[in-house]
Amino acid sequence: MKTFALALKSVFEKYFWIPPLDLADTAETNRHRNCVWSLVCVCLILLWVPFCLVVFKGDIHSTSVYLGFILITFVDAALSFCLSVLVKNVSRQKAWIIKNIPIYVVFCWGMGGSSYIFYAIQNPASGVICFFISVSIMLAVFSLSLPFFCAIMLAGAAALAPGVLKAFGTFSFTTFVLAAVFFVFLAFYKRSAEKQYFALLKNQKKLLEAKTFGNFTLLYENKVVKFARVKSSELLAYLVYKNGSSANTKELISVLYGDFADSERYGSSLRSLVSDIKRSLADLGIQNFFIAEYNNFRVNPEAVRCDFYDFLAGDAAAQKKFAGEFMSQYSWAEGVAEFLARKVLKRQA
């Protein structure tokens, strides 16, 4: 039995396990998507309230049951949105765990809500549909912990299974079970594809390098990456400094054009810079390095080698390379150079 468990663990690590640090940027993508998803849910729920009041007018029991479901769903979606906002600046080491908590909250309620609809509202068909919609959205939109996804989904399926057998019969019960098993296999397949993708990303990382000590320079295959616009390089440099954290349009305009720059006036300029960066990187075949999502922009530190990142990780060679200059051509980086110098002095003391 112990040998079988070790063999199973070995297979899982070989084909499905991905280091949490590699998934830090994926967690940030999850966070952004959940901000949009949960906010849309809140708006739809608010529109659902008057609909229920009209449809179940005079039926106090149905109205109270549905409104109770709506209220709990509203609280869950609002809580998930607030949590996604609060965990924005979590360190990359903890990102895969903490930034996914808001998504776990939504998924747990999706499974619990399916049972609520099935048993409390006594609408078996809608309960089953809610179950599969929740599972499909989580699998298609987000990247979740494989054990967590399978455990919560199977728990939700187990809660519905007796009701499905009683309400729809043996054939529908068998179909429901097979569908749940299919989603488990789909989750494993997705994680296997993600693992292969991260392997390709690691190969790209060997070729893409951001040098920040002295002037900022981006190199690909030891050649300087050139952009059509001068400020494109500065935009990318600032995002490299952010170390995977997102910057919105307003922040970037302030950095690139000054604290009092007009957002409306310079918004088109920023869009041109973003297009220039995307086009220049795409021409070189550089993937998943510069990421633009929902008016938020960032770089993926796991897709590039960088002396600044090595320095922060405590790499002795990177610390020796630092000579007091950090992205010297940009005024906003002066404070960072002082911060790095203090860290060097502190280690030497």
# chains A, B, ... in the order shown; residues from 1 in each chain; ligands from 1
>>> select_by_dssp(residues="stretch 255-335 of chain A", states="helix (DSSP H, G or I)", output="short mmCIF file (atom, residue, chain, number, x, y, z; two decimals) with all heavy atoms, in the first residue's frame")
data_model
loop_
_atom_site.label_atom_id
_atom_site.label_comp_id
_atom_site.auth_asym_id
_atom_site.auth_seq_id
_atom_site.Cartn_x
_atom_site.Cartn_y
_atom_site.Cartn_z
N VAL A 255 2.93 58.15 -13.54
CA VAL A 255 4.36 57.83 -13.57
C VAL A 255 5.01 58.34 -14.86
O VAL A 255 6.10 58.94 -14.83
CB VAL A 255 4.57 56.31 -13.44
CG1 VAL A 255 6.02 55.93 -13.75
CG2 VAL A 255 4.20 55.84 -12.05
N LEU A 256 4.34 58.13 -15.98
CA LEU A 256 4.94 58.45 -17.28
C LEU A 256 4.85 59.92 -17.66
O LEU A 256 5.74 60.46 -18.32
CB LEU A 256 4.27 57.60 -18.37
CG LEU A 256 4.44 56.08 -18.26
CD1 LEU A 256 3.61 55.38 -19.31
CD2 LEU A 256 5.90 55.68 -18.38
N TYR A 257 3.75 60.58 -17.23
CA TYR A 257 3.52 61.94 -17.71
C TYR A 257 3.40 62.98 -16.58
O TYR A 257 3.18 64.15 -16.86
CB TYR A 257 2.25 61.98 -18.56
CG TYR A 257 2.30 61.04 -19.74
CD1 TYR A 257 1.56 59.86 -19.75
CD2 TYR A 257 3.10 61.32 -20.84
CE1 TYR A 257 1.60 58.99 -20.83
CE2 TYR A 257 3.16 60.45 -21.92
CZ TYR A 257 2.41 59.29 -21.91
OH TYR A 257 2.46 58.43 -22.99
N SER A 263 -5.91 62.39 -17.38
CA SER A 263 -6.14 61.00 -17.78
C SER A 263 -6.79 60.91 -19.15
O SER A 263 -6.45 60.03 -19.96
CB SER A 263 -7.01 60.29 -16.75
OG SER A 263 -6.36 60.21 -15.50
N GLU A 264 -7.74 61.79 -19.41
CA GLU A 264 -8.44 61.74 -20.70
C GLU A 264 -7.50 62.08 -21.85
O GLU A 264 -7.52 61.46 -22.91
CB GLU A 264 -9.61 62.72 -20.67
CG GLU A 264 -10.49 62.65 -21.91
CD GLU A 264 -11.71 63.53 -21.80
OE1 GLU A 264 -12.06 63.94 -20.67
OE2 GLU A 264 -12.33 63.80 -22.85
N ARG A 265 -6.65 63.07 -21.62
CA ARG A 265 -5.73 63.50 -22.68
C ARG A 265 -4.66 62.47 -22.97
O ARG A 265 -4.32 62.20 -24.14
CB ARG A 265 -5.08 64.83 -22.27
CG ARG A 265 -4.06 65.34 -23.27
CD ARG A 265 -3.42 66.62 -22.76
NE ARG A 265 -2.35 67.08 -23.65
CZ ARG A 265 -1.55 68.11 -23.40
NH1 ARG A 265 -1.71 68.79 -22.26
NH2 ARG A 265 -0.60 68.45 -24.24
N TYR A 266 -4.10 61.88 -21.91
CA TYR A 266 -2.99 60.95 -22.10
C TYR A 266 -3.43 59.48 -22.18
O TYR A 266 -2.59 58.60 -22.35
CB TYR A 266 -1.98 61.11 -20.96
CG TYR A 266 -1.19 62.39 -21.06
CD1 TYR A 266 -1.51 63.50 -20.28
CD2 TYR A 266 -0.12 62.50 -21.94
CE1 TYR A 266 -0.79 64.68 -20.37
CE2 TYR A 266 0.61 63.68 -22.04
CZ TYR A 266 0.26 64.77 -21.25
OH TYR A 266 0.98 65.93 -21.35
N GLY A 267 -4.72 59.25 -22.06
CA GLY A 267 -5.20 57.87 -22.15
C GLY A 267 -4.90 57.24 -23.50
O GLY A 267 -4.49 56.07 -23.58
N SER A 268 -5.10 58.00 -24.57
CA SER A 268 -4.83 57.47 -25.91
C SER A 268 -3.33 57.21 -26.10
O SER A 268 -2.93 56.25 -26.77
CB SER A 268 -5.32 58.45 -26.98
OG SER A 268 -4.70 59.71 -26.85
N SER A 269 -2.49 58.06 -25.48
CA SER A 269 -1.04 57.85 -25.56
C SER A 269 -0.64 56.56 -24.88
O SER A 269 0.20 55.80 -25.38
CB SER A 269 -0.30 59.04 -24.92
OG SER A 269 -0.56 60.24 -25.59
N LEU A 270 -1.25 56.30 -23.72
CA LEU A 270 -0.96 55.06 -23.00
C LEU A 270 -1.40 53.85 -23.81
O LEU A 270 -0.69 52.84 -23.87
CB LEU A 270 -1.65 55.07 -21.64
CG LEU A 270 -1.40 53.85 -20.76
CD1 LEU A 270 0.08 53.73 -20.42
CD2 LEU A 270 -2.22 53.91 -19.48
N ARG A 271 -2.55 53.94 -24.44
CA ARG A 271 -3.03 52.83 -25.27
C ARG A 271 -2.07 52.56 -26.43
O ARG A 271 -1.85 51.40 -26.81
CB ARG A 271 -4.44 53.12 -25.79
CG ARG A 271 -5.51 53.02 -24.71
CD ARG A 271 -6.91 53.05 -25.32
NE ARG A 271 -7.22 54.37 -25.88
CZ ARG A 271 -7.76 55.36 -25.20
NH1 ARG A 271 -8.04 55.20 -23.91
NH2 ARG A 271 -8.04 56.51 -25.78
N SER A 272 -1.50 53.61 -26.97
CA SER A 272 -0.52 53.45 -28.05
C SER A 272 0.74 52.75 -27.55
O SER A 272 1.32 51.90 -28.24
CB SER A 272 -0.15 54.81 -28.63
OG SER A 272 -1.26 55.44 -29.22
N LEU A 273 1.16 53.09 -26.33
CA LEU A 273 2.33 52.43 -25.74
C LEU A 273 2.07 50.95 -25.51
O LEU A 273 2.92 50.10 -25.80
CB LEU A 273 2.70 53.10 -24.42
CG LEU A 273 3.11 54.57 -24.45
CD1 LEU A 273 3.47 55.04 -23.03
CD2 LEU A 273 4.27 54.80 -25.39
N VAL A 274 0.89 50.64 -25.00
CA VAL A 274 0.51 49.24 -24.75
C VAL A 274 0.51 48.46 -26.06
O VAL A 274 1.03 47.33 -26.13
CB VAL A 274 -0.87 49.17 -24.06
CG1 VAL A 274 -1.36 47.73 -24.01
CG2 VAL A 274 -0.78 49.74 -22.65
N SER A 275 -0.06 49.05 -27.10
CA SER A 275 -0.10 48.39 -28.41
C SER A 275 1.31 48.18 -28.95
O SER A 275 1.63 47.12 -29.54
CB SER A 275 -0.92 49.22 -29.41
OG SER A 275 -2.26 49.33 -28.99
N ASP A 276 2.17 49.16 -28.75
CA ASP A 276 3.56 49.06 -29.21
C ASP A 276 4.29 47.93 -28.51
O ASP A 276 5.01 47.13 -29.14
CB ASP A 276 4.26 50.40 -28.96
CG ASP A 276 5.72 50.38 -29.39
OD1 ASP A 276 6.04 49.69 -30.37
OD2 ASP A 276 6.54 51.06 -28.74
N ILE A 277 4.10 47.83 -27.19
CA ILE A 277 4.75 46.76 -26.42
C ILE A 277 4.25 45.40 -26.87
O ILE A 277 5.04 44.47 -27.11
CB ILE A 277 4.51 46.97 -24.91
CG1 ILE A 277 5.24 48.21 -24.42
CG2 ILE A 277 4.97 45.74 -24.13
CD1 ILE A 277 4.91 48.60 -23.00
N LYS A 278 2.94 45.26 -27.00
CA LYS A 278 2.36 43.98 -27.41
C LYS A 278 2.89 43.55 -28.78
O LYS A 278 3.27 42.40 -28.99
CB LYS A 278 0.84 44.08 -27.45
CG LYS A 278 0.16 44.10 -26.10
CD LYS A 278 -1.35 44.15 -26.28
CE LYS A 278 -2.08 44.06 -24.95
NZ LYS A 278 -3.55 44.13 -25.11
N ARG A 279 2.92 44.50 -29.71
CA ARG A 279 3.35 44.20 -31.07
C ARG A 279 4.84 43.83 -31.11
O ARG A 279 5.24 42.85 -31.76
CB ARG A 279 3.08 45.41 -31.97
CG ARG A 279 3.45 45.19 -33.44
CD ARG A 279 3.00 46.35 -34.31
NE ARG A 279 3.56 47.62 -33.86
CZ ARG A 279 2.85 48.56 -33.21
NH1 ARG A 279 1.56 48.37 -32.97
NH2 ARG A 279 3.42 49.69 -32.84
N SER A 280 5.65 44.59 -30.39
CA SER A 280 7.10 44.34 -30.39
C SER A 280 7.43 42.99 -29.77
O SER A 280 8.29 42.25 -30.29
CB SER A 280 7.82 45.46 -29.63
OG SER A 280 7.59 46.72 -30.23
N LEU A 281 6.77 42.65 -28.67
CA LEU A 281 7.03 41.37 -28.02
C LEU A 281 6.50 40.21 -28.86
O LEU A 281 7.13 39.15 -28.95
CB LEU A 281 6.39 41.35 -26.63
CG LEU A 281 6.94 42.36 -25.61
CD1 LEU A 281 6.22 42.22 -24.28
CD2 LEU A 281 8.44 42.18 -25.41
N ALA A 282 5.33 40.41 -29.47
CA ALA A 282 4.74 39.36 -30.30
C ALA A 282 5.61 39.06 -31.51
O ALA A 282 5.75 37.90 -31.93
CB ALA A 282 3.34 39.76 -30.74
N ASP A 283 6.21 40.09 -32.08
CA ASP A 283 7.09 39.90 -33.25
C ASP A 283 8.29 39.01 -32.91
O ASP A 283 8.82 38.31 -33.78
CB ASP A 283 7.59 41.25 -33.76
CG ASP A 283 6.49 42.05 -34.45
OD1 ASP A 283 5.45 41.45 -34.78
OD2 ASP A 283 6.66 43.28 -34.64
N LEU A 284 8.71 39.06 -31.63
CA LEU A 284 9.84 38.24 -31.19
C LEU A 284 9.40 36.87 -30.65
O LEU A 284 10.24 36.04 -30.32
CB LEU A 284 10.63 38.98 -30.10
CG LEU A 284 11.34 40.27 -30.55
CD1 LEU A 284 11.91 41.00 -29.33
CD2 LEU A 284 12.45 39.95 -31.54
N PRO A 301 6.90 37.96 -13.51
CA PRO A 301 8.30 37.75 -13.12
C PRO A 301 8.82 36.34 -13.39
O PRO A 301 10.03 36.14 -13.46
CB PRO A 301 8.28 38.03 -11.60
CG PRO A 301 7.12 38.94 -11.40
CD PRO A 301 6.09 38.44 -12.37
N GLU A 302 7.90 35.38 -13.55
CA GLU A 302 8.33 34.01 -13.82
C GLU A 302 8.67 33.80 -15.29
O GLU A 302 9.10 32.71 -15.68
CB GLU A 302 7.23 33.02 -13.41
CG GLU A 302 6.80 33.14 -11.95
CD GLU A 302 7.97 33.12 -10.99
OE1 GLU A 302 8.89 32.30 -11.20
OE2 GLU A 302 7.98 33.92 -10.04
N ALA A 303 8.49 34.85 -16.11
CA ALA A 303 8.77 34.73 -17.54
C ALA A 303 10.06 35.43 -17.95
O ALA A 303 10.40 35.48 -19.12
CB ALA A 303 7.60 35.29 -18.35
N ASP A 307 17.98 40.91 -12.64
CA ASP A 307 18.91 41.11 -11.53
C ASP A 307 18.21 41.67 -10.29
O ASP A 307 18.56 41.33 -9.15
CB ASP A 307 20.06 42.03 -11.95
CG ASP A 307 19.59 43.27 -12.70
OD1 ASP A 307 18.38 43.55 -12.71
OD2 ASP A 307 20.44 43.97 -13.30
N PHE A 308 17.20 42.49 -10.50
CA PHE A 308 16.43 43.07 -9.40
C PHE A 308 15.70 41.98 -8.62
O PHE A 308 15.72 41.96 -7.38
CB PHE A 308 15.45 44.09 -9.96
CG PHE A 308 14.52 44.70 -8.93
CD1 PHE A 308 15.00 45.25 -7.76
CD2 PHE A 308 13.14 44.72 -9.16
CE1 PHE A 308 14.14 45.82 -6.82
CE2 PHE A 308 12.27 45.28 -8.24
CZ PHE A 308 12.77 45.83 -7.07
N TYR A 309 15.09 41.06 -9.33
CA TYR A 309 14.38 39.96 -8.67
C TYR A 309 15.34 39.04 -7.94
O TYR A 309 15.04 38.55 -6.84
CB TYR A 309 13.56 39.15 -9.69
CG TYR A 309 12.52 39.96 -10.43
CD1 TYR A 309 12.03 39.55 -11.66
CD2 TYR A 309 12.01 41.14 -9.89
CE1 TYR A 309 11.06 40.29 -12.33
CE2 TYR A 309 11.05 41.89 -10.55
CZ TYR A 309 10.57 41.45 -11.78
OH TYR A 309 9.62 42.19 -12.43
N ASP A 310 16.49 38.79 -8.55
CA ASP A 310 17.51 37.96 -7.89
C ASP A 310 18.01 38.63 -6.62
O ASP A 310 18.24 37.97 -5.59
CB ASP A 310 18.68 37.70 -8.84
CG ASP A 310 18.29 36.82 -10.01
OD1 ASP A 310 17.28 36.10 -9.90
OD2 ASP A 310 19.00 36.86 -11.04
N PHE A 311 18.17 39.95 -6.67
CA PHE A 311 18.61 40.71 -5.50
C PHE A 311 17.60 40.56 -4.37
O PHE A 311 17.97 40.28 -3.22
CB PHE A 311 18.75 42.19 -5.89
CG PHE A 311 19.25 43.07 -4.78
CD1 PHE A 311 20.57 43.49 -4.73
CD2 PHE A 311 18.40 43.50 -3.76
CE1 PHE A 311 21.04 44.29 -3.70
CE2 PHE A 311 18.85 44.31 -2.73
CZ PHE A 311 20.17 44.71 -2.69
N LEU A 312 16.31 40.73 -4.69
CA LEU A 312 15.27 40.63 -3.66
C LEU A 312 15.19 39.22 -3.07
O LEU A 312 14.80 39.04 -1.92
CB LEU A 312 13.91 41.01 -4.26
CG LEU A 312 13.77 42.47 -4.71
CD1 LEU A 312 12.40 42.69 -5.34
CD2 LEU A 312 13.98 43.44 -3.55
N ALA A 316 23.44 36.24 -3.80
CA ALA A 316 24.69 36.94 -3.47
C ALA A 316 25.32 37.56 -4.70
O ALA A 316 25.86 38.68 -4.65
CB ALA A 316 25.67 35.95 -2.82
N ALA A 317 25.28 36.87 -5.84
CA ALA A 317 25.88 37.39 -7.07
C ALA A 317 25.18 38.67 -7.52
O ALA A 317 25.83 39.63 -7.95
CB ALA A 317 25.82 36.33 -8.17
N ALA A 318 23.84 38.69 -7.41
CA ALA A 318 23.06 39.87 -7.81
C ALA A 318 23.37 41.05 -6.89
O ALA A 318 23.45 42.20 -7.33
CB ALA A 318 21.57 39.55 -7.79
N GLN A 319 23.56 40.76 -5.61
CA GLN A 319 23.87 41.83 -4.65
C GLN A 319 25.24 42.44 -4.92
O GLN A 319 25.45 43.65 -4.73
CB GLN A 319 23.79 41.27 -3.24
CG GLN A 319 22.37 40.91 -2.82
CD GLN A 319 22.31 40.11 -1.53
OE1 GLN A 319 23.31 39.97 -0.85
NE2 GLN A 319 21.12 39.61 -1.21
N LYS A 320 26.18 41.63 -5.40
CA LYS A 320 27.51 42.16 -5.72
C LYS A 320 27.47 43.03 -6.98
O LYS A 320 28.26 43.95 -7.13
CB LYS A 320 28.48 40.99 -5.93
CG LYS A 320 28.86 40.28 -4.65
CD LYS A 320 29.86 39.16 -4.92
CE LYS A 320 30.26 38.44 -3.63
NZ LYS A 320 31.21 37.34 -3.90
N LYS A 321 26.53 42.71 -7.89
CA LYS A 321 26.42 43.47 -9.14
C LYS A 321 25.87 44.87 -8.90
O LYS A 321 26.14 45.79 -9.67
CB LYS A 321 25.50 42.74 -10.13
CG LYS A 321 26.11 41.49 -10.74
CD LYS A 321 25.11 40.88 -11.72
CE LYS A 321 25.65 39.59 -12.34
NZ LYS A 321 24.66 38.98 -13.26
N SER A 331 13.48 59.04 -13.23
CA SER A 331 13.51 59.76 -11.95
C SER A 331 12.72 59.02 -10.87
O SER A 331 13.08 59.07 -9.69
CB SER A 331 12.94 61.17 -12.12
OG SER A 331 11.62 61.14 -12.63
N TRP A 332 11.65 58.32 -11.25
CA TRP A 332 10.82 57.63 -10.26
C TRP A 332 11.57 56.46 -9.59
O TRP A 332 11.14 55.95 -8.56
CB TRP A 332 9.52 57.13 -10.87
CG TRP A 332 9.67 56.34 -12.14
CD1 TRP A 332 9.49 56.80 -13.42
CD2 TRP A 332 10.04 54.95 -12.26
NE1 TRP A 332 9.73 55.80 -14.34
CE2 TRP A 332 10.06 54.65 -13.65
CE3 TRP A 332 10.36 53.95 -11.36
CZ2 TRP A 332 10.38 53.39 -14.14
CZ3 TRP A 332 10.68 52.69 -11.84
CH2 TRP A 332 10.69 52.41 -13.20
N ALA A 333 12.69 56.04 -10.18
CA ALA A 333 13.44 54.89 -9.65
C ALA A 333 14.49 55.29 -8.63
O ALA A 333 15.15 54.41 -8.05
CB ALA A 333 14.09 54.12 -10.79
N GLU A 334 14.66 56.59 -8.38
CA GLU A 334 15.72 57.03 -7.46
C GLU A 334 15.52 56.48 -6.05
O GLU A 334 16.47 56.05 -5.40
CB GLU A 334 15.75 58.56 -7.42
CG GLU A 334 16.21 59.19 -8.73
CD GLU A 334 16.13 60.70 -8.70
OE1 GLU A 334 15.71 61.24 -7.65
OE2 GLU A 334 16.47 61.35 -9.71
N GLY A 335 14.30 56.49 -5.59
CA GLY A 335 14.01 55.97 -4.25
C GLY A 335 14.29 54.49 -4.14
O GLY A 335 14.68 53.99 -3.07
#
>>> closest_residue(among="A:Arg342, A:Lys202, A:Lys223, A:Arg298", to="A:Leu235", atoms="only C-alpha atoms")
A:Arg298
>>> closest_residue(among="A:Phe69, A:Phe142, A:Phe213, A:Phe183", to="A:Arg33", atoms="only C-alpha atoms")
A:Phe142
>>> atom_distance(atom1="atom CA of A:Leu23", atom2="atom CA of A:Asn296")
18.5 Å
>>> closest_residue(among="A:Trp48, A:Phe81, A:Tyr330, A:Trp37", to="A:Lys231", atoms="only C-alpha atoms")
A:Tyr330
>>> closest_residue(among="A:Gly163, A:Phe74, A:Trp96, A:Lys195", to="A:Ser114", atoms="only C-alpha atoms")
A:Gly163
>>> residues_around(residues="stretch 90-92 of chain A", least_positions_apart="6", cutoff="10 Å", atoms="only C-alpha atoms", output="VMD selection string")
chain A and resid 20 to 25 27 to 28 98 to 99 243 to 245 301
>>> write_last_selection(atoms="N, CA, C and O atoms", output="PDB file, in the first residue's frame")
ATOM      1  N   PRO A  20       4.082  26.464  -6.380  1.00  0.00           N
ATOM      2  CA  PRO A  20       3.208  27.615  -6.093  1.00  0.00           C
ATOM      3  C   PRO A  20       3.745  28.947  -6.612  1.00  0.00           C
ATOM      4  O   PRO A  20       2.975  29.795  -7.056  1.00  0.00           O
ATOM      5  N   LEU A  21       5.084  29.140  -6.577  1.00  0.00           N
ATOM      6  CA  LEU A  21       5.656  30.399  -7.055  1.00  0.00           C
ATOM      7  C   LEU A  21       5.438  30.571  -8.556  1.00  0.00           C
ATOM      8  O   LEU A  21       5.232  31.683  -9.038  1.00  0.00           O
ATOM      9  N   ASP A  22       5.483  29.469  -9.301  1.00  0.00           N
ATOM     10  CA  ASP A  22       5.217  29.531 -10.740  1.00  0.00           C
ATOM     11  C   ASP A  22       3.777  29.960 -11.015  1.00  0.00           C
ATOM     12  O   ASP A  22       3.476  30.527 -12.065  1.00  0.00           O
ATOM     13  N   LEU A  23       2.888  29.670 -10.065  1.00  0.00           N
ATOM     14  CA  LEU A  23       1.465  29.960 -10.242  1.00  0.00           C
ATOM     15  C   LEU A  23       1.061  31.322  -9.701  1.00  0.00           C
ATOM     16  O   LEU A  23      -0.118  31.665  -9.714  1.00  0.00           O
ATOM     17  N   ALA A  24       2.042  32.091  -9.219  1.00  0.00           N
ATOM     18  CA  ALA A  24       1.726  33.393  -8.621  1.00  0.00           C
ATOM     19  C   ALA A  24       1.034  34.319  -9.612  1.00  0.00           C
ATOM     20  O   ALA A  24       0.069  35.010  -9.277  1.00  0.00           O
ATOM     21  N   ASP A  25       1.520  34.346 -10.855  1.00  0.00           N
ATOM     22  CA  ASP A  25       0.896  35.219 -11.848  1.00  0.00           C
ATOM     23  C   ASP A  25      -0.484  34.703 -12.238  1.00  0.00           C
ATOM     24  O   ASP A  25      -1.396  35.488 -12.516  1.00  0.00           O
ATOM     25  N   ALA A  27      -2.489  33.281 -10.184  1.00  0.00           N
ATOM     26  CA  ALA A  27      -3.351  33.717  -9.081  1.00  0.00           C
ATOM     27  C   ALA A  27      -3.776  35.170  -9.260  1.00  0.00           C
ATOM     28  O   ALA A  27      -4.915  35.542  -8.946  1.00  0.00           O
ATOM     29  N   GLU A  28      -2.864  35.998  -9.772  1.00  0.00           N
ATOM     30  CA  GLU A  28      -3.209  37.401 -10.029  1.00  0.00           C
ATOM     31  C   GLU A  28      -4.256  37.507 -11.141  1.00  0.00           C
ATOM     32  O   GLU A  28      -5.177  38.325 -11.069  1.00  0.00           O
ATOM     33  N   ILE A  98      -3.431  32.786  -1.055  1.00  0.00           N
ATOM     34  CA  ILE A  98      -4.297  33.862  -0.557  1.00  0.00           C
ATOM     35  C   ILE A  98      -5.149  34.503  -1.656  1.00  0.00           C
ATOM     36  O   ILE A  98      -6.332  34.783  -1.447  1.00  0.00           O
ATOM     37  N   LYS A  99      -4.573  34.722  -2.829  1.00  0.00           N
ATOM     38  CA  LYS A  99      -5.341  35.376  -3.886  1.00  0.00           C
ATOM     39  C   LYS A  99      -6.448  34.505  -4.453  1.00  0.00           C
ATOM     40  O   LYS A  99      -7.360  34.996  -5.135  1.00  0.00           O
ATOM     41  N   ASN A 243       7.234  44.177  -9.938  1.00  0.00           N
ATOM     42  CA  ASN A 243       7.472  42.777  -9.553  1.00  0.00           C
ATOM     43  C   ASN A 243       6.196  41.931  -9.545  1.00  0.00           C
ATOM     44  O   ASN A 243       5.918  41.198  -8.607  1.00  0.00           O
ATOM     45  N   GLY A 244       5.397  42.070 -10.612  1.00  0.00           N
ATOM     46  CA  GLY A 244       4.206  41.239 -10.741  1.00  0.00           C
ATOM     47  C   GLY A 244       2.931  41.879 -10.239  1.00  0.00           C
ATOM     48  O   GLY A 244       1.843  41.381 -10.513  1.00  0.00           O
ATOM     49  N   SER A 245       3.031  42.971  -9.487  1.00  0.00           N
ATOM     50  CA  SER A 245       1.831  43.678  -9.030  1.00  0.00           C
ATOM     51  C   SER A 245       1.248  44.480 -10.186  1.00  0.00           C
ATOM     52  O   SER A 245       1.974  44.965 -11.053  1.00  0.00           O
ATOM     53  N   PRO A 301       6.899  37.961 -13.508  1.00  0.00           N
ATOM     54  CA  PRO A 301       8.303  37.750 -13.118  1.00  0.00           C
ATOM     55  C   PRO A 301       8.818  36.343 -13.392  1.00  0.00           C
ATOM     56  O   PRO A 301      10.034  36.139 -13.457  1.00  0.00           O
TER      57      PRO A 301
END
